[in-house]
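Participant: Submitted below is the structure of interest, expressed as structure tokens.
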Amino acid sequence: MTDHHCSHDGLSEVTRRTVLKVGAGATAASLVPLRLGAQAQGATPPPESGPTTPVSFVVNGERVTMDVDARASLLDLLRERLALTGTKKGCDHGQCGACTIHLDGRPVASCLTMAAKVDGRQVTTIEGLARGGDLHPMQQAFIDHDALQCGYCTPGQIMSAVSCVTEGLATDPGAIRDFMSGNICRCGAYVGILAAIEQAAGVMRG
Ligand code: FES
Ligand code: FES
């Protein structure tokens with residue numbers, strides 16, 4: 001993993017408590033109902049410099065129609081054009097899990113997904129998990145179990161963890177570890193992450 005620490009996105013001076021909120025909810029803005037970042041809500045996004053292709057897709061419940069660089073990754077589209085910076089760039093090579101999002105309900109590495117491929121599809125990022133003012137049970141469980149240190153891997157961990165439960169694979173600690181093996185935590189917060197998933201699984205199953 002490269003370039004992977006709390007100085008990303010201006011987080012270097014925040015307190016650990018703030019990082020807990022940021023990691024669990026990705027950004028403070030992610031805790032409010034409107035999911036798209038300011039850049040997406042405002043006027044026209046910056047023009048692309050290379051060849052483009054039109055896409056129309058739904059991000060966190062909101063339809064987005066735009067021209068995207070035909071060579072861009074979904075990760076860069078989310079972060080740089082839609083200002084959804086909760087999804088993190090770790091390795092940018094499909095090896096760390098920091099960029100995990102849900103595409104049509106399934107977890108994918110957004111750094112390996114072409115932006116042009118999202119046409120007609122549903123994307124959910126960490127900003128789309130909370131409902132109104134209520135954190136997703138997985139976000140709450142990560143806070144409850146202190147399942148992060150720097151918080152950089154946390155959005156990707158949470159997105160994979162939600163899929164682990166919804167796909168019925170959070171059956172025991174070994175199965176959870178297997179499912180989560182693609183999400184690397186440089187801080188080694190795995191004990192808390194496992195405990196959080198076990199707690200959230202119980203809540204999510206009702
Ligand atoms: S950024 Fe590491 S898997 Fe995508
Ligand atoms: S990389 Fe720091 S909490 Fe996982």
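Residues in the structure tokens are named by chain (A, B, ... in the order shown) and by number from 1 within that chain; ligands are numbered from 1 in the order shown.
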How close does each residue of chain A get to ligand 1, giving the shortest atom pair and distance in Å to one decimal for every residue with an atom at most 6 Å away, counting only C-alpha atoms and all ligand atoms, sorted by chain and residue number, as a tab-separated table?
Facilitator:
residue	atom	partner	partner_atom_place_in_ligand_line	distance
A:Lys89	CA	ligand 1	1 (S)	4.2
A:Gly90	CA	ligand 1	1 (S)	4.0
A:Cys91	CA	ligand 1	2 (Fe)	3.9
A:Asp92	CA	ligand 1	1 (S)	3.7
A:His93	CA	ligand 1	2 (Fe)	5.4
A:Gly94	CA	ligand 1	3 (S)	3.3
A:Gln95	CA	ligand 1	3 (S)	4.3
A:Cys96	CA	ligand 1	2 (Fe)	3.9
A:Gly97	CA	ligand 1	3 (S)	4.0
A:Ala98	CA	ligand 1	2 (Fe)	5.1
A:Cys99	CA	ligand 1	4 (Fe)	4.4
A:Ala109	CA	ligand 1	4 (Fe)	5.0
A:Ser110	CA	ligand 1	4 (Fe)	5.9
A:Cys111	CA	ligand 1	4 (Fe)	4.3
Participant: Using only C-alpha atoms, determine which residues lie at most 6 Å from range 152-157 of chain A, disregarding the query and same-chain residues fewer than 2 positions distant; provide the list as a list in words.
Facilitator: Gly23, Ala26, Gly97, Ala98, Cys99, Thr100, Ile126, Cys150, Met159, Ser160, Ala161 and Cys185 of chain A
Participant: Would you list the contacts of Glu198 in chain A as a ChimeraX atom specification, taking every protein, DNA or RNA residue within 12 Å and counting only C-alpha atoms, but skipping same-chain residues closer than 2 positions in sequence?
Facilitator: /A:137-138,141-142,144-145,147,161-162,164-165,169-177,191-196,200-205
Participant: Which residues, written as a PyMOL selection string, have at least one atom at most 10 Å from Val123 in chain A, with only C-alpha atoms counted and residues fewer than 3 positions away on the same chain left out?
Facilitator: chain A and resi 57-63+74+78+101-107+118+120+128
Participant: For the structure I just gave you, how does DSSP split range 41-194 of chain A - specifically, which residues are strand (DSSP E or B)? Reply as a PyMOL selection string.
Facilitator: chain A and resi 52-59+62-69+73+100-103+106-109+114+122-124+131+134
Participant: Can you pull out every residue within 6 Å of Thr53 in chain A, counting only C-alpha atoms, but drop anything in the same chain fewer than 4 positions away, and send it as number ranges by chain?
Facilitator: A: 67-68, 70
Participant: Go through A:Asp134, A:Val108, A:Ser56, A:Thr125 one by one, measure the shortest atom-to-atom distance of each to Leu84 in chain A using only C-alpha atoms, and give the residue with the smallest value.
Facilitator: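 The shortest atom-to-atom distance to Leu84 in chain A comes from A:Thr125.
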Participant: For ligand 2, which residue among A:Thr87, A:Ser73, A:Gln122, A:Gln149 is the nearest when counting only C-alpha atoms and all ligand atoms?
Facilitator: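 Of all the options, A:Gln149 lies closest to ligand 2.
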